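**Q** Structure supplied as coords.cif; contents: mmCIF, C-alpha atoms and all ligand atoms.
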```cif
data_run
loop_
_atom_site.label_atom_id
_atom_site.label_comp_id
_atom_site.auth_asym_id
_atom_site.auth_seq_id
_atom_site.Cartn_x
_atom_site.Cartn_y
_atom_site.Cartn_z
CA MET A 1 -48.76 -112.62 -126.66
CA LYS A 2 -50.23 -112.98 -123.19
CA SER A 3 -50.41 -109.82 -121.17
CA ARG A 4 -50.38 -109.56 -117.41
CA HIS A 5 -51.16 -106.80 -114.99
CA ILE A 6 -49.26 -104.67 -112.55
CA ASP A 7 -51.48 -103.53 -109.71
CA LEU A 8 -50.26 -100.36 -108.05
CA ALA A 9 -51.06 -100.36 -104.37
CA PHE A 10 -50.10 -96.76 -103.61
CA ALA A 11 -52.70 -94.75 -101.84
CA ALA A 12 -53.00 -91.96 -104.38
CA THR A 13 -52.63 -93.94 -107.59
CA GLU A 14 -54.38 -97.27 -107.11
CA ARG A 15 -54.75 -98.72 -110.59
CA SER A 16 -53.83 -101.63 -112.80
CA LEU A 17 -51.48 -101.50 -115.82
CA SER A 18 -51.13 -104.06 -118.62
CA ILE A 19 -47.67 -105.47 -119.27
CA SER A 20 -46.62 -107.74 -122.13
CA GLN A 21 -44.05 -110.51 -121.77
CA ASP A 22 -41.32 -108.58 -123.55
CA GLU A 23 -41.57 -105.47 -121.38
CA THR A 24 -39.84 -104.84 -118.08
CA VAL A 25 -41.86 -103.58 -115.15
CA LEU A 26 -39.86 -100.33 -115.25
CA GLN A 27 -40.68 -99.73 -118.95
CA VAL A 28 -44.39 -99.98 -118.17
CA LEU A 29 -44.18 -97.71 -115.11
CA ILE A 30 -42.34 -95.07 -117.15
CA LYS A 31 -44.79 -95.42 -120.05
CA HIS A 32 -47.65 -94.66 -117.66
CA LYS A 33 -45.74 -91.82 -116.00
CA ILE A 34 -45.57 -93.52 -112.60
CA PRO A 35 -42.81 -91.73 -110.64
CA ILE A 36 -39.85 -94.10 -110.27
CA LYS A 37 -36.16 -93.30 -110.13
CA HIS A 38 -33.86 -95.31 -112.34
CA ALA A 39 -30.29 -95.10 -113.52
CA CYS A 40 -28.36 -98.15 -114.74
CA LEU A 41 -31.27 -100.13 -116.26
CA ASN A 42 -29.34 -103.37 -115.76
CA GLY A 43 -29.97 -104.36 -112.15
CA VAL A 44 -26.74 -102.98 -110.69
CA CYS A 45 -27.36 -99.63 -109.00
CA GLY A 46 -30.44 -100.48 -106.92
CA VAL A 47 -32.06 -97.08 -107.51
CA CYS A 48 -35.30 -98.55 -108.89
CA LEU A 49 -35.83 -100.72 -105.77
CA THR A 50 -39.56 -101.39 -105.30
CA PRO A 51 -41.57 -103.58 -102.90
CA LEU A 52 -43.24 -106.60 -104.53
CA LEU A 53 -46.41 -107.30 -102.53
CA ALA A 54 -47.78 -110.19 -104.58
CA GLY A 55 -47.05 -112.22 -107.70
CA GLU A 56 -43.98 -113.60 -109.42
CA ILE A 57 -41.31 -111.81 -111.40
CA ASP A 58 -38.41 -113.17 -113.41
CA TYR A 59 -34.99 -111.65 -114.11
CA GLY A 60 -34.21 -113.96 -117.06
CA GLN A 61 -30.47 -114.10 -117.71
CA GLN A 62 -29.77 -110.98 -115.65
CA GLN A 63 -28.69 -110.88 -112.01
CA PRO A 64 -30.25 -108.47 -109.50
CA ARG A 65 -26.87 -107.23 -108.23
CA GLY A 66 -28.37 -104.00 -106.90
CA LEU A 67 -30.37 -105.94 -104.32
CA ASN A 68 -28.79 -107.02 -101.02
CA GLN A 69 -29.92 -109.98 -98.90
CA LYS A 70 -31.84 -107.76 -96.48
CA GLU A 71 -33.77 -106.04 -99.27
CA LEU A 72 -34.48 -109.40 -100.87
CA ALA A 73 -35.80 -110.74 -97.55
CA GLN A 74 -38.00 -107.65 -97.23
CA GLY A 75 -39.58 -108.37 -100.60
CA TYR A 76 -37.95 -105.72 -102.76
CA PHE A 77 -37.26 -106.29 -106.44
CA LEU A 78 -35.60 -104.41 -109.32
CA PRO A 79 -38.21 -103.35 -111.91
CA CYS A 80 -35.57 -102.38 -114.51
CA ILE A 81 -34.72 -106.03 -115.22
CA ALA A 82 -37.94 -107.72 -114.03
CA ARG A 83 -40.58 -109.26 -116.27
CA CYS A 84 -43.91 -110.53 -114.95
CA GLN A 85 -44.46 -114.27 -114.49
CA SER A 86 -47.95 -113.58 -113.15
CA ASP A 87 -50.04 -110.56 -112.32
CA ILE A 88 -48.14 -108.62 -109.67
CA THR A 89 -48.91 -106.04 -107.01
CA ILE A 90 -46.29 -103.45 -106.11
CA ALA A 91 -46.00 -100.74 -103.50
CA GLU A 92 -44.46 -97.34 -104.00
CA PRO A 93 -40.82 -97.41 -105.20
CA LYS A 94 -38.35 -96.92 -102.33
CA VAL A 95 -36.38 -93.98 -103.73
CA LYS A 96 -38.52 -90.89 -104.08
CA VAL A 97 -38.45 -88.78 -107.21
CA ARG A 98 -37.75 -85.17 -106.26
S1 LIG A 101 -32.10 -98.80 -112.47
FE1 LIG A 101 -30.29 -99.59 -111.57
S2 LIG A 101 -30.97 -101.40 -110.58
FE2 LIG A 101 -32.74 -100.69 -111.62
#
```
In C-alpha cells, write the structure found in this file.
Ligand code: FES
**A**
Amino acid sequence: MKSRHIDLAFAATERSLSISQDETVLQVLIKHKIPIKHACLNGVCGVCLTPLLAGEIDYGQQQPRGLNQKELAQGYFLPCIARCQSDITIAEPKVKVR
C-alpha cells in the first residue's frame, strides 16, 4: 500500500509524518501526539478544522458538513474524514487544545 506524507508547517514542530491510504489525517496526527481537538469524527462539528497549505485530500463518501463556504475558501479542511491523495502540508489546527 502506497504511503504519503503529511508535512507539518508549525513553527515548533516542523516534521513529516507517514500516512497510509486507509488512515485519516486525524488518526495520524493523534498517533503522533500532535495537539488537535476533535469531537464528532464524521465531518459535522468542525472542531478539527485545519489549514491545508499544499496537496490534495479526499473525503470519499463523506461530506465535510462542518466546513462553511468561507472556511473552504480560506483553505481549511476536516482531518477527521480526510485521506491523502498526495503528500500534503498543513498548518496548525484552528482550535487550540487547552
Ligand atoms: S471532529 Fe468533528 S468535524 Fe472533525
**Q** Residues around (-35.6, -100.1, -105.0), cut-off 12 Å, counting all atoms listed in the file - what are they as a PyMOL selection string?
**A** chain A and resi 26+36-39+43-52+64-68+71-72+74-81+90-97
**Q** Given the selection you just returned, output its residues as a file containing C-alpha atoms, formatted as an mmCIF file, in the frame of the given file.
**A**
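What landed in selection.cif:
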```cif
data_model
loop_
_atom_site.group_PDB
_atom_site.id
_atom_site.type_symbol
_atom_site.label_atom_id
_atom_site.label_comp_id
_atom_site.auth_asym_id
_atom_site.auth_seq_id
_atom_site.Cartn_x
_atom_site.Cartn_y
_atom_site.Cartn_z
ATOM 1 C CA LEU A 26 -39.860 -100.330 -115.250
ATOM 2 C CA ILE A 36 -39.850 -94.100 -110.270
ATOM 3 C CA LYS A 37 -36.160 -93.300 -110.130
ATOM 4 C CA HIS A 38 -33.860 -95.310 -112.340
ATOM 5 C CA ALA A 39 -30.290 -95.100 -113.520
ATOM 6 C CA GLY A 43 -29.970 -104.360 -112.150
ATOM 7 C CA VAL A 44 -26.740 -102.980 -110.690
ATOM 8 C CA CYS A 45 -27.360 -99.630 -109.000
ATOM 9 C CA GLY A 46 -30.440 -100.480 -106.920
ATOM 10 C CA VAL A 47 -32.060 -97.080 -107.510
ATOM 11 C CA CYS A 48 -35.300 -98.550 -108.890
ATOM 12 C CA LEU A 49 -35.830 -100.720 -105.770
ATOM 13 C CA THR A 50 -39.560 -101.390 -105.300
ATOM 14 C CA PRO A 51 -41.570 -103.580 -102.900
ATOM 15 C CA LEU A 52 -43.240 -106.600 -104.530
ATOM 16 C CA PRO A 64 -30.250 -108.470 -109.500
ATOM 17 C CA ARG A 65 -26.870 -107.230 -108.230
ATOM 18 C CA GLY A 66 -28.370 -104.000 -106.900
ATOM 19 C CA LEU A 67 -30.370 -105.940 -104.320
ATOM 20 C CA ASN A 68 -28.790 -107.020 -101.020
ATOM 21 C CA GLU A 71 -33.770 -106.040 -99.270
ATOM 22 C CA LEU A 72 -34.480 -109.400 -100.870
ATOM 23 C CA GLN A 74 -38.000 -107.650 -97.230
ATOM 24 C CA GLY A 75 -39.580 -108.370 -100.600
ATOM 25 C CA TYR A 76 -37.950 -105.720 -102.760
ATOM 26 C CA PHE A 77 -37.260 -106.290 -106.440
ATOM 27 C CA LEU A 78 -35.600 -104.410 -109.320
ATOM 28 C CA PRO A 79 -38.210 -103.350 -111.910
ATOM 29 C CA CYS A 80 -35.570 -102.380 -114.510
ATOM 30 C CA ILE A 81 -34.720 -106.030 -115.220
ATOM 31 C CA ILE A 90 -46.290 -103.450 -106.110
ATOM 32 C CA ALA A 91 -46.000 -100.740 -103.500
ATOM 33 C CA GLU A 92 -44.460 -97.340 -104.000
ATOM 34 C CA PRO A 93 -40.820 -97.410 -105.200
ATOM 35 C CA LYS A 94 -38.350 -96.920 -102.330
ATOM 36 C CA VAL A 95 -36.380 -93.980 -103.730
ATOM 37 C CA LYS A 96 -38.520 -90.890 -104.080
ATOM 38 C CA VAL A 97 -38.450 -88.780 -107.210
#
```
**Q** Measure the distance from atom CA of A:Leu53 to atom CA of A:Thr89 in Å and round it to one decimal.
**A** 5.3 Å
**Q** Quick one: of A:Ala82, A:Ala12, A:Leu29, A:Ala54, who's nearest to ligand LIG 101 (chain A), counting all atoms listed in the file?
**A**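 Closest to ligand LIG 101 (chain A), using all atoms listed in the file: A:Ala82.
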**Q** Of the candidates A:Ile57, A:Ile19, A:Ile88, A:Leu41, which one gets nearest to ligand LIG 101 (chain A) if we count only C-alpha atoms and all ligand atoms?
**A**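 Closest candidate: A:Leu41.
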**Q** Between A:Ser86, A:Gln61, A:Asn42, A:Thr24, which residue has the minimum interatomic distance to A:Asp7, considering only C-alpha atoms?
**A**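 Of all the options, A:Ser86 lies closest to A:Asp7.
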**Q** Between atom CA of A:Cys84 and atom CA of A:Ser3, what is the distance, to one decimal in Å?
**A** 9.0 Å
**Q** In terms of the shortest atom-to-atom distance over only C-alpha atoms, which of A:Cys40, A:Lys2, A:Gln69, A:Pro35 is closest to A:Asp22?
**A**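 Selected residue with least distance to A:Asp22: A:Lys2.
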**Q** Nearest residue to ligand LIG 101 (chain A) out of A:Ala9, A:Gly55, A:Gln85, A:Ile30, using all atoms listed in the file?
**A** A:Ile30
**Q** To one decimal place, how far is atom S1 of ligand LIG 101 (chain A) from atom CA of A:Arg15 in Å?
**A**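 Taking atom S1 of ligand LIG 101 (chain A) as the start and atom CA of A:Arg15 as the end point, the length is 22.7 Å.
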**Q** Which of these residues is nearest to ligand LIG 101 (chain A), using all atoms listed in the file: A:Asp58, A:Lys33, A:Asp87, A:Gln27?
**A**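 Smallest distance to ligand LIG 101 (chain A) is found for A:Gln27.
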